[in-house]
Every structure is written in C-alpha cells, then in structure tokens.
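Okay, model.cif is below, mmCIF, C-alpha atoms:
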data_target
loop_
_atom_site.label_atom_id
_atom_site.label_comp_id
_atom_site.auth_asym_id
_atom_site.auth_seq_id
_atom_site.Cartn_x
_atom_site.Cartn_y
_atom_site.Cartn_z
CA MET A 1 -9.34 -17.42 14.69
CA ALA A 2 -7.80 -16.36 11.41
CA VAL A 3 -6.93 -13.06 9.79
CA LEU A 4 -8.05 -12.79 6.16
CA VAL A 5 -5.54 -10.81 4.07
CA THR A 6 -6.94 -9.74 0.71
CA GLY A 7 -4.22 -8.94 -1.80
CA GLY A 8 -1.83 -10.84 0.45
CA ALA A 9 0.34 -11.94 -2.49
CA GLY A 10 1.07 -8.32 -3.38
CA TYR A 11 3.96 -6.16 -2.24
CA ILE A 12 2.65 -4.67 1.01
CA GLY A 13 0.20 -7.51 1.59
CA SER A 14 2.93 -10.15 1.52
CA HIS A 15 4.92 -8.20 4.10
CA ALA A 16 1.83 -8.00 6.30
CA VAL A 17 1.47 -11.78 5.98
CA ALA A 18 5.12 -12.13 7.03
CA ALA A 19 4.52 -9.91 10.08
CA LEU A 20 1.45 -11.92 11.07
CA LEU A 21 3.36 -15.19 10.67
CA GLU A 22 6.12 -13.92 12.93
CA ARG A 23 3.62 -13.66 15.79
CA GLY A 24 1.93 -16.97 15.14
CA GLU A 25 -1.36 -15.79 13.64
CA GLU A 26 -3.52 -18.10 11.54
CA ILE A 27 -3.66 -16.52 8.09
CA VAL A 28 -5.94 -16.85 5.09
CA VAL A 29 -4.82 -15.07 1.91
CA VAL A 30 -7.12 -14.18 -0.99
CA ASP A 31 -5.42 -12.94 -4.15
CA SER A 32 -6.28 -13.11 -7.84
CA LEU A 33 -2.54 -13.30 -8.68
CA ARG A 34 -3.10 -10.86 -11.54
CA GLN A 35 -0.64 -8.53 -9.82
CA GLY A 36 0.46 -10.66 -6.87
CA HIS A 37 2.94 -13.50 -6.70
CA ARG A 38 2.43 -16.96 -5.26
CA LYS A 39 6.09 -17.02 -4.21
CA ALA A 40 5.55 -13.89 -2.08
CA VAL A 41 3.17 -15.69 0.28
CA LEU A 42 5.46 -17.10 2.95
CA GLY A 43 2.76 -19.00 4.83
CA GLY A 44 -0.91 -19.37 5.62
CA LYS A 45 -3.64 -20.72 3.36
CA LEU A 46 -3.82 -19.16 -0.12
CA TYR A 47 -7.06 -18.95 -2.09
CA VAL A 48 -6.70 -17.77 -5.69
CA GLY A 49 -9.78 -15.85 -6.80
CA ASP A 50 -11.63 -12.55 -7.00
CA LEU A 51 -13.48 -10.69 -4.23
CA ARG A 52 -16.31 -10.07 -6.68
CA ASP A 53 -16.92 -13.82 -7.09
CA SER A 54 -19.65 -14.49 -4.51
CA ALA A 55 -19.41 -18.29 -4.56
CA PHE A 56 -15.62 -18.15 -4.23
CA MET A 57 -15.84 -15.84 -1.21
CA ASP A 58 -18.49 -18.09 0.37
CA THR A 59 -15.94 -20.91 0.23
CA VAL A 60 -13.28 -18.74 1.91
CA PHE A 61 -15.55 -17.71 4.78
CA GLN A 62 -17.16 -21.14 5.21
CA GLU A 63 -13.87 -23.03 5.34
CA ASN A 64 -12.18 -20.72 7.86
CA SER A 65 -12.97 -19.11 11.22
CA ILE A 66 -12.15 -15.51 10.32
CA ASP A 67 -12.37 -12.77 12.95
CA ALA A 68 -10.58 -9.89 11.16
CA VAL A 69 -9.74 -8.75 7.64
CA ILE A 70 -6.81 -6.73 6.31
CA HIS A 71 -7.84 -5.38 2.91
CA PHE A 72 -5.08 -4.65 0.39
CA ALA A 73 -6.69 -5.89 -2.84
CA ALA A 74 -7.02 -2.97 -5.27
CA ASN A 75 -5.70 -1.39 -8.44
CA SER A 76 -3.29 1.33 -7.38
CA LEU A 77 -1.68 3.12 -10.33
CA VAL A 78 -2.40 6.86 -10.40
CA GLY A 79 -1.71 7.34 -14.10
CA GLU A 80 -3.70 4.29 -15.14
CA SER A 81 -6.64 5.38 -12.99
CA MET A 82 -6.88 8.59 -14.99
CA LYS A 83 -7.17 6.59 -18.24
CA VAL A 84 -9.52 3.79 -17.12
CA PRO A 85 -11.44 5.10 -14.08
CA GLY A 86 -14.25 2.59 -14.62
CA GLN A 87 -11.84 -0.28 -14.04
CA TYR A 88 -10.79 1.32 -10.74
CA TYR A 89 -14.36 1.81 -9.57
CA HIS A 90 -15.30 -1.74 -10.47
CA ASN A 91 -12.29 -3.45 -8.89
CA ASN A 92 -11.70 -1.15 -5.92
CA VAL A 93 -15.13 0.12 -4.94
CA TYR A 94 -17.36 -2.73 -6.09
CA GLY A 95 -14.79 -5.27 -4.89
CA THR A 96 -14.84 -3.69 -1.44
CA LEU A 97 -18.64 -3.67 -1.43
CA CYS A 98 -18.63 -7.41 -2.16
CA LEU A 99 -16.13 -7.98 0.65
CA LEU A 100 -18.09 -5.95 3.20
CA GLU A 101 -21.32 -7.74 2.30
CA LYS A 102 -19.65 -11.11 2.85
CA MET A 103 -18.18 -9.93 6.15
CA ASN A 104 -21.64 -8.85 7.27
CA GLU A 105 -23.17 -12.12 6.10
CA TYR A 106 -20.65 -14.19 8.07
CA GLY A 107 -20.50 -11.96 11.15
CA VAL A 108 -16.94 -10.67 10.70
CA GLN A 109 -16.85 -7.17 12.19
CA LYS A 110 -13.24 -5.98 12.02
CA ILE A 111 -11.43 -4.67 8.95
CA VAL A 112 -8.12 -2.85 8.51
CA PHE A 113 -8.01 -0.98 5.22
CA SER A 114 -4.94 -0.17 3.15
CA SER A 115 -5.82 3.36 2.06
CA THR A 116 -3.67 6.16 0.67
CA ALA A 117 -2.62 9.74 1.22
CA ALA A 118 -3.89 10.30 -2.33
CA THR A 119 -7.30 10.77 -0.66
CA TYR A 120 -6.14 14.27 0.34
CA GLY A 121 -5.26 15.54 -3.13
CA GLU A 122 -3.28 18.78 -3.02
CA PRO A 123 -2.74 19.15 0.74
CA GLU A 124 -3.76 22.26 2.64
CA ASN A 125 -1.04 21.63 5.21
CA VAL A 126 2.32 19.88 5.27
CA PRO A 127 2.59 17.51 7.01
CA ILE A 128 -0.96 16.31 6.32
CA ASP A 129 -3.27 15.77 9.28
CA GLU A 130 -6.11 13.21 9.36
CA PHE A 131 -8.64 16.02 9.71
CA ASP A 132 -7.48 17.91 6.61
CA ARG A 133 -9.94 18.04 3.73
CA THR A 134 -10.03 15.16 1.26
CA VAL A 135 -10.22 16.30 -2.37
CA PRO A 136 -8.45 13.67 -4.50
CA THR A 137 -6.81 14.79 -7.73
CA ASN A 138 -6.93 11.37 -9.38
CA ALA A 139 -9.41 8.52 -9.80
CA TYR A 140 -7.30 6.15 -7.71
CA GLY A 141 -7.48 8.43 -4.67
CA GLU A 142 -11.19 9.01 -5.30
CA THR A 143 -11.92 5.28 -5.24
CA LYS A 144 -9.98 4.80 -2.02
CA LEU A 145 -11.94 7.64 -0.42
CA ALA A 146 -15.19 6.06 -1.63
CA MET A 147 -14.11 2.78 -0.04
CA GLU A 148 -13.48 4.55 3.28
CA LYS A 149 -16.91 6.19 3.16
CA MET A 150 -18.54 2.85 2.40
CA MET A 151 -16.89 1.34 5.47
CA LYS A 152 -18.23 4.19 7.59
CA TRP A 153 -21.81 3.40 6.60
CA PHE A 154 -21.33 -0.35 7.07
CA ASP A 155 -20.17 0.51 10.59
CA VAL A 156 -23.29 2.65 11.16
CA ALA A 157 -25.64 0.01 9.75
CA HIS A 158 -23.96 -3.25 10.73
CA GLY A 159 -21.33 -2.48 13.39
CA ILE A 160 -18.36 -3.44 11.20
CA LYS A 161 -15.48 -1.52 12.77
CA PHE A 162 -12.70 -0.33 10.49
CA ILE A 163 -9.30 1.28 10.73
CA SER A 164 -8.18 3.03 7.56
CA LEU A 165 -4.44 3.55 7.16
CA ARG A 166 -3.51 6.35 4.76
CA TYR A 167 0.01 6.19 3.41
CA PHE A 168 2.00 6.20 0.22
CA ASN A 169 5.41 5.37 -1.19
CA ALA A 170 6.09 2.08 0.52
CA ALA A 171 9.63 1.03 -0.25
CA GLY A 172 12.31 -1.44 0.76
CA ALA A 173 12.28 -5.21 1.22
CA HIS A 174 11.94 -7.73 4.03
CA GLU A 175 15.05 -8.21 6.13
CA SER A 176 15.00 -11.96 5.38
CA GLY A 177 15.59 -11.20 1.71
CA LYS A 178 12.76 -13.58 0.78
CA ILE A 179 10.24 -11.00 -0.42
CA GLY A 180 10.46 -7.62 -2.10
CA GLU A 181 8.81 -5.40 -4.69
CA ASP A 182 7.94 -6.82 -8.11
CA HIS A 183 5.29 -5.10 -10.24
CA ASP A 184 4.62 -5.42 -13.96
CA PRO A 185 4.62 -2.74 -15.12
CA GLU A 186 6.69 -1.12 -12.41
CA THR A 187 5.62 2.45 -11.63
CA HIS A 188 7.09 3.09 -8.17
CA LEU A 189 10.07 5.39 -8.10
CA ILE A 190 12.60 3.47 -6.02
CA PRO A 191 12.38 0.11 -7.88
CA ILE A 192 12.45 1.97 -11.21
CA VAL A 193 15.60 3.79 -10.11
CA LEU A 194 17.14 0.46 -9.10
CA GLN A 195 16.18 -1.09 -12.43
CA ALA A 196 18.12 1.72 -14.08
CA ALA A 197 21.02 0.96 -11.75
CA LEU A 198 20.87 -2.69 -12.88
CA GLY A 199 20.89 -1.64 -16.54
CA GLN A 200 17.36 -2.96 -17.07
CA ARG A 201 16.21 0.41 -18.39
CA PRO A 202 18.33 3.11 -20.05
CA HIS A 203 17.43 5.91 -17.62
CA ILE A 204 15.03 7.08 -14.95
CA SER A 205 12.27 9.42 -16.17
CA VAL A 206 11.50 12.37 -13.90
CA PHE A 207 7.96 13.58 -14.56
CA GLY A 208 8.21 17.35 -14.16
CA ASP A 209 10.92 19.57 -12.71
CA ASP A 210 8.83 22.73 -12.47
CA TYR A 211 6.84 22.04 -9.30
CA ALA A 212 6.85 24.54 -6.43
CA THR A 213 9.52 22.61 -4.53
CA PRO A 214 13.19 23.42 -3.82
CA ASP A 215 14.53 21.44 -6.81
CA GLY A 216 11.33 21.46 -8.89
CA THR A 217 10.56 17.74 -8.49
CA CYS A 218 7.77 16.13 -6.47
CA ILE A 219 8.35 15.47 -2.79
CA ARG A 220 7.11 12.30 -1.10
CA ASP A 221 7.31 10.57 2.27
CA TYR A 222 8.91 7.10 2.00
CA ILE A 223 8.13 4.37 4.52
CA HIS A 224 9.78 0.97 4.85
CA VAL A 225 7.27 -1.69 3.84
CA SER A 226 7.91 -3.70 7.01
CA ASP A 227 7.05 -0.66 9.14
CA LEU A 228 3.78 -0.40 7.22
CA ALA A 229 3.13 -4.10 7.81
CA ASP A 230 3.67 -3.60 11.54
CA ALA A 231 1.06 -0.81 11.56
CA HIS A 232 -1.55 -3.11 10.01
CA VAL A 233 -0.92 -5.74 12.69
CA LEU A 234 -1.23 -3.10 15.43
CA ALA A 235 -4.48 -1.93 13.87
CA VAL A 236 -5.88 -5.48 14.05
CA ASP A 237 -4.92 -5.57 17.72
CA ARG A 238 -6.68 -2.27 18.35
CA LEU A 239 -9.90 -3.46 16.73
CA ARG A 240 -9.73 -6.74 18.68
CA SER A 241 -9.47 -4.68 21.87
CA GLY A 242 -12.86 -3.12 21.09
CA ALA A 243 -11.72 0.22 19.67
CA ASP A 244 -14.02 2.32 17.52
CA SER A 245 -13.47 2.97 13.82
CA ALA A 246 -10.71 5.44 12.98
CA VAL A 247 -8.46 6.84 10.25
CA TYR A 248 -4.69 7.10 10.70
CA ASN A 249 -1.91 8.55 8.58
CA LEU A 250 1.32 6.61 8.33
CA GLY A 251 4.45 8.52 7.43
CA ASN A 252 7.94 9.38 8.52
CA GLY A 253 7.10 13.07 8.54
CA GLN A 254 10.00 13.90 6.22
CA GLY A 255 9.80 14.28 2.48
CA PHE A 256 12.38 13.66 -0.21
CA SER A 257 12.28 14.93 -3.77
CA VAL A 258 12.63 12.69 -6.81
CA LYS A 259 16.10 14.08 -7.46
CA GLU A 260 17.10 13.43 -3.83
CA VAL A 261 15.95 9.81 -4.10
CA ILE A 262 18.02 9.35 -7.26
CA GLY A 263 21.04 10.91 -5.58
CA ILE A 264 20.82 8.59 -2.57
CA ALA A 265 20.31 5.58 -4.86
CA ARG A 266 23.46 6.51 -6.77
CA SER A 267 25.35 6.56 -3.49
CA VAL A 268 23.93 3.24 -2.25
CA THR A 269 24.42 1.35 -5.52
CA GLY A 270 27.59 2.99 -6.75
CA ARG A 271 25.95 3.22 -10.19
CA GLU A 272 25.52 6.26 -12.44
CA ILE A 273 21.70 6.01 -12.95
CA PRO A 274 21.01 8.37 -15.92
CA MET A 275 18.08 10.77 -15.48
CA VAL A 276 15.77 12.32 -18.12
CA ILE A 277 13.25 15.10 -17.42
CA GLU A 278 9.82 14.50 -18.98
CA ALA A 279 6.38 16.17 -18.86
CA ARG A 280 4.30 16.11 -15.68
CA ARG A 281 1.82 13.29 -15.11
CA ALA A 282 -1.83 14.13 -14.57
CA GLY A 283 -2.95 14.06 -10.94
CA ASP A 284 0.45 14.30 -9.22
CA PRO A 285 0.44 16.71 -6.23
CA ALA A 286 3.69 18.58 -5.63
CA VAL A 287 4.19 17.57 -1.98
CA LEU A 288 2.76 14.70 0.04
CA VAL A 289 4.15 14.25 3.54
CA ALA A 290 2.01 12.76 6.29
CA SER A 291 1.92 13.36 10.02
CA SER A 292 1.65 10.06 11.89
CA GLU A 293 1.41 11.44 15.43
CA ARG A 294 -2.04 9.99 15.95
CA ALA A 295 -0.95 6.52 14.84
CA ARG A 296 2.08 6.68 17.09
CA LYS A 297 -0.05 7.69 20.07
CA GLU A 298 -3.11 5.48 19.61
CA LEU A 299 -1.72 2.45 17.77
CA GLY A 300 1.67 2.51 19.46
CA TRP A 301 3.28 2.51 16.03
CA ASN A 302 6.99 3.25 16.09
CA PRO A 303 8.62 2.96 12.66
CA HIS A 304 12.30 2.22 13.15
CA ARG A 305 13.47 1.65 9.58
CA ASN A 306 13.05 5.31 8.67
CA LYS A 307 16.35 6.36 7.08
CA LEU A 308 15.85 6.64 3.33
CA GLU A 309 19.39 5.38 2.71
CA ASP A 310 18.62 2.20 4.67
CA ILE A 311 15.26 1.77 2.92
CA ILE A 312 16.90 2.02 -0.50
CA ARG A 313 19.72 -0.30 0.56
CA SER A 314 17.25 -3.01 1.61
CA ALA A 315 15.48 -2.64 -1.75
CA TRP A 316 18.79 -2.77 -3.59
CA ASN A 317 19.79 -5.96 -1.75
CA TRP A 318 16.58 -7.65 -2.92
CA HIS A 319 16.59 -6.33 -6.49
CA SER A 320 20.24 -7.10 -7.08
CA ALA A 321 19.70 -10.66 -5.77
CA ASN A 322 16.45 -11.03 -7.74
CA PRO A 323 16.96 -9.02 -10.95
CA LYS A 324 13.99 -10.75 -12.59
CA GLY A 325 11.81 -10.38 -9.51
CA TYR A 326 9.91 -13.52 -8.56
CA ASN A 327 10.17 -14.66 -12.18
CA ASP A 328 6.83 -16.45 -11.87
CA LYS A 329 4.80 -14.79 -14.62
CA GLN A 330 4.72 -16.98 -17.71
#
Do you think you could lay out the structure here as structure tokens?
Amino acid sequence: MAVLVTGGAGYIGSHAVAALLERGEEIVVVDSLRQGHRKAVLGGKLYVGDLRDSAFMDTVFQENSIDAVIHFAANSLVGESMKVPGQYYHNNVYGTLCLLEKMNEYGVQKIVFSSTAATYGEPENVPIDEFDRTVPTNAYGETKLAMEKMMKWFDVAHGIKFISLRYFNAAGAHESGKIGEDHDPETHLIPIVLQAALGQRPHISVFGDDYATPDGTCIRDYIHVSDLADAHVLAVDRLRSGADSAVYNLGNGQGFSVKEVIGIARSVTGREIPMVIEARRAGDPAVLVASSERARKELGWNPHRNKLEDIIRSAWNWHSANPKGYNDKQ
C-alpha cells in the first residue's frame, strides 16, 4: 500500500518523502510544481497536476493502491493571503474538499494534514496548547482552520480519520545535503537572512520592532524540517494503528526573536548581514510558541535537531552549496 503525499515536491513535503523512503514506504507524490521542485522529489512516483482536477485525481487513485494521505499542498504566505484571500480559499479549502471527496470515493480513510499554528491567531497562552481558542488573524490561518473543520465533518459522515499537525517556522535542510528550502519569492526568515549573508539581497528587512517582546521583534518557534517530517510519518503510523482523529502541536517550546535569529546567523556564517527596520506586516502575532507535549506523549515524537544554531547551520550548508536553489525554474 502506498502513501499519497500532496505537495510532496515542496519544502516540507519533500522532506516527508525522504523520511518515508528511508523506511521503505511506497510513495505517490502529487504536485502542481507551481511552487514545488521536481529535483526535490528523491523517490516514489510523481504525478504533476492539481488536486482540483477531478480526472487527474481519478488517475492517481486508480493507478495506485493508496491507504493513507499526507496533505501538504496549499498556498502558505501570510502577507499574500491578506491581499488575495479568494485565491487561498480556492486553492486551500476547495482543493482539500476535492481531495477528501476523492478519498471517500476510493475508500481511503486516513489523512495527515499539514496545518499551522496560525490557526490560533494571537495566543491566549504561551506556549500554545491544542485546546486554546482558534481565532486566526490572517486569511492563511483561517483557510487552514476551515480545512481542519472540513476534515472533522468528513470523519463524522464518512469515517475518514485525520491527524492535523499545527506548526510553523520550519527551517534547516536534509542531512544528506540533497534537498533544502527554495521558494520564489522567498518569505521565510532564515533563508532570507542567509540570502543576505550570500550577498543575494542588500539587507534583511525586520517588519516591526515595537512588539510587546523583549527586543521589540516577533518571536517564533523554529523546528528542523526533518523533525517535522518525522512527525508526519509517526502520525501515519498512529492512524494505521486505528487511532481516532486528533490535533497536535509541533514545536520546540522555545521562541527566538527576529533579531536573535539574525544574530545567530551572523555567528554561523561569519557574515555581517545588514538589517533594516520596516513597518509591521498585517496579521503577524507578536509571539507564537507551541507546546508539543501531547505529540511527544501520543505520537512518540522526539525532535532531536532542536538547537537553533544547528538548524541554521544545516540551512547554511545547503544554501551556500546551492546559491541558486534547485535552479529548475525556467
């Protein structure tokens, strides 16, 4: 039986594919390649297409014996989601609806969902608990929450069990050096900082230094992408064991400010990395740090690449060896 990985040519998805390959799983990848990279898919069977294309998805399910899905495919830029929310609802929410309907049609009843801590909005507590209220402050987080709610009702109606993994700020690169982070445009802090270190941009922009944090810049919880990939594999195992649907946070439980990240990157790279303070971005909470105690207890998840210096160093190794990324977009 195969695991279908949607968005498996993307950053986190490709690392999940790598983790599945390491344990000998049969893998089917679906990716439009609008944001993903063919070179990032280290194995398995790749289908290039869109979840919203019914005939295309029929082919995927008919040609493969799929017993579980890991769903990464989505637009994921906070700022962009505030400008074009319709695009996010159509791709994220409607795309997920199409996927769930195909799963129901073909009798596939297990899905692991790549969600986000942006579902919480401004947190009531730090670290965030899975039972804290969910009031997203941006359209991206709102669509991810809508996707989770949709899965709940497909479970009620059709018995499709889901595990939703809420996290943010994936960083780092695979220890093999074969895959890393390559977005166009790049919006994630650590690769942008490293681009500045490589001289590919004149400075790093810091969006707001007047937040209610010790140094005025936003605080986030950074997780090595391979640790995130491991959690998705463990979630598949849990669903295969007959577990009920659940939501889990994934985090290191420690936050770092934007200025702290830049400082560590300067130390790792030995580069100056100029910094410019700019206006806040809409929809950015001041602090997002997640408690992952439930995931550790129930999934057996034990992230072991959790030092930010090591995470940044692994990213730096990949970016400095691949300054143009995968260089596959013509």
Residue by residue, what does the PyMOL selection byres ((chain A and resi 273-289) around 6) grab here? Present the result as a PyMOL selection string. chain A and resi 122+127+137-138+196-197+203-208+211+218-221+253+255+271-272+290
May I have the residues within 9 Å of range 6-23 of chain A as an MDAnalysis selection string, using only C-alpha atoms and disregarding those fewer than 2 positions away in the same chain? chainID A and resid 3:4 25:33 35:44 46 51 69:74 170 173:174 179:183 225:226 228:233
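Put simply, CA of Gln254 in chain A is 10.8 Å away from CA of Ser292 in chain A.
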For Gln200 in chain A, work out the shell of residues within 10 Å, counting only C-alpha atoms and skipping chain neighbours fewer than 5 positions away, then give it as a ChimeraX atom specification. /A:192-195,323-324
Write a file of the selected residues as an mmCIF file, in the frame of the given file, keeping C-alpha atoms.
data_model
loop_
_atom_site.group_PDB
_atom_site.id
_atom_site.type_symbol
_atom_site.label_atom_id
_atom_site.label_comp_id
_atom_site.auth_asym_id
_atom_site.auth_seq_id
_atom_site.Cartn_x
_atom_site.Cartn_y
_atom_site.Cartn_z
ATOM 1 C CA ILE A 192 12.450 1.970 -11.210
ATOM 2 C CA VAL A 193 15.600 3.790 -10.110
ATOM 3 C CA LEU A 194 17.140 0.460 -9.100
ATOM 4 C CA GLN A 195 16.180 -1.090 -12.430
ATOM 5 C CA PRO A 323 16.960 -9.020 -10.950
ATOM 6 C CA LYS A 324 13.990 -10.750 -12.590
#
Point-to-point distance in Å for CA of Met82 in chain A and CA of Phe154 in chain A: 27.8 Å
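Here CA of Tyr140 in chain A is placed at a distance of 6.7 Å from CA of Tyr88 in chain A.
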Please evaluate the PyMOL selection byres ((chain A and resi 315) around 9) against the displayed coordinates and give the resulting residues as a ChimeraX atom specification. /A:171-174,180-181,190-191,194,310-314,316-320
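Each of A:Tyr222, A:Phe61, A:Tyr89, A:Tyr248 was compared to Ala295 in chain A using all atoms listed in the file, and A:Tyr248 turns out to be the nearest.
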If the PyMOL selection byres ((chain A and resi 90-94) around 8) is run on the structure shown, which residues does it catch, given as a PDB file with C-alpha atoms, in the frame of the given file?
ATOM      1  CA  ARG A  52     -16.310 -10.070  -6.680  1.00  0.00           C
ATOM      2  CA  ALA A  73      -6.690  -5.890  -2.840  1.00  0.00           C
ATOM      3  CA  ALA A  74      -7.020  -2.970  -5.270  1.00  0.00           C
ATOM      4  CA  ASN A  75      -5.700  -1.390  -8.440  1.00  0.00           C
ATOM      5  CA  GLY A  86     -14.250   2.590 -14.620  1.00  0.00           C
ATOM      6  CA  GLN A  87     -11.840  -0.280 -14.040  1.00  0.00           C
ATOM      7  CA  TYR A  88     -10.790   1.320 -10.740  1.00  0.00           C
ATOM      8  CA  TYR A  89     -14.360   1.810  -9.570  1.00  0.00           C
ATOM      9  CA  GLY A  95     -14.790  -5.270  -4.890  1.00  0.00           C
ATOM     10  CA  THR A  96     -14.840  -3.690  -1.440  1.00  0.00           C
ATOM     11  CA  LEU A  97     -18.640  -3.670  -1.430  1.00  0.00           C
ATOM     12  CA  CYS A  98     -18.630  -7.410  -2.160  1.00  0.00           C
ATOM     13  CA  THR A 143     -11.920   5.280  -5.240  1.00  0.00           C
ATOM     14  CA  LYS A 144      -9.980   4.800  -2.020  1.00  0.00           C
ATOM     15  CA  ALA A 146     -15.190   6.060  -1.630  1.00  0.00           C
ATOM     16  CA  MET A 147     -14.110   2.780  -0.040  1.00  0.00           C
TER      17      MET A 147
END
Expected axis-aligned box over every listed atom of range 237-243 of chain A, 5 Å added per side, centre plus edges in Å to one decimal, as lines of an AutoDock Vina configuration file:
center_x = -8.9
center_y = -3.3
center_z = 19.3
size_x = 17.9
size_y = 17.0
size_z = 15.1
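Residue nearest Gly159 in chain A within the list A:Gly242, A:Gly216, A:Gly24, A:Pro123: A:Gly242 [criterion: smallest interatomic distance, only C-alpha atoms].
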Which neighbours of Glu148 in chain A fall inside 12 Å, counting only C-alpha atoms, when residues of the same chain fewer than 4 positions from it are skipped, and could you give them as a PyMOL selection string? chain A and resi 71+92-93+96-97+100+111-116+119+134+141-144+152-155+161-166+245-248
Using all atoms listed in the file, pick whichever of A:Ile66, A:Val78, A:Ala265, A:Val156 has the shortest atom-to-atom distance to Lys110 in chain A. A:Ile66
Ref. answer, residues at most 7 Å from (-19.5, -18.8, 2.4) with all atoms listed in the file, as a PyMOL selection string: chain A and resi 55+57-62
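Restricting the calculation to all atoms listed in the file, the smallest distance between Leu234 in chain A and any of A:Ser81, A:Asn302, A:Gln109, A:Asn322 is found for A:Asn302.
For the set A:Val135, A:Met151, A:Val48, A:Ala157, the residue with the smallest atom-to-atom gap to Ala117 in chain A is A:Val135, counting all atoms listed in the file.
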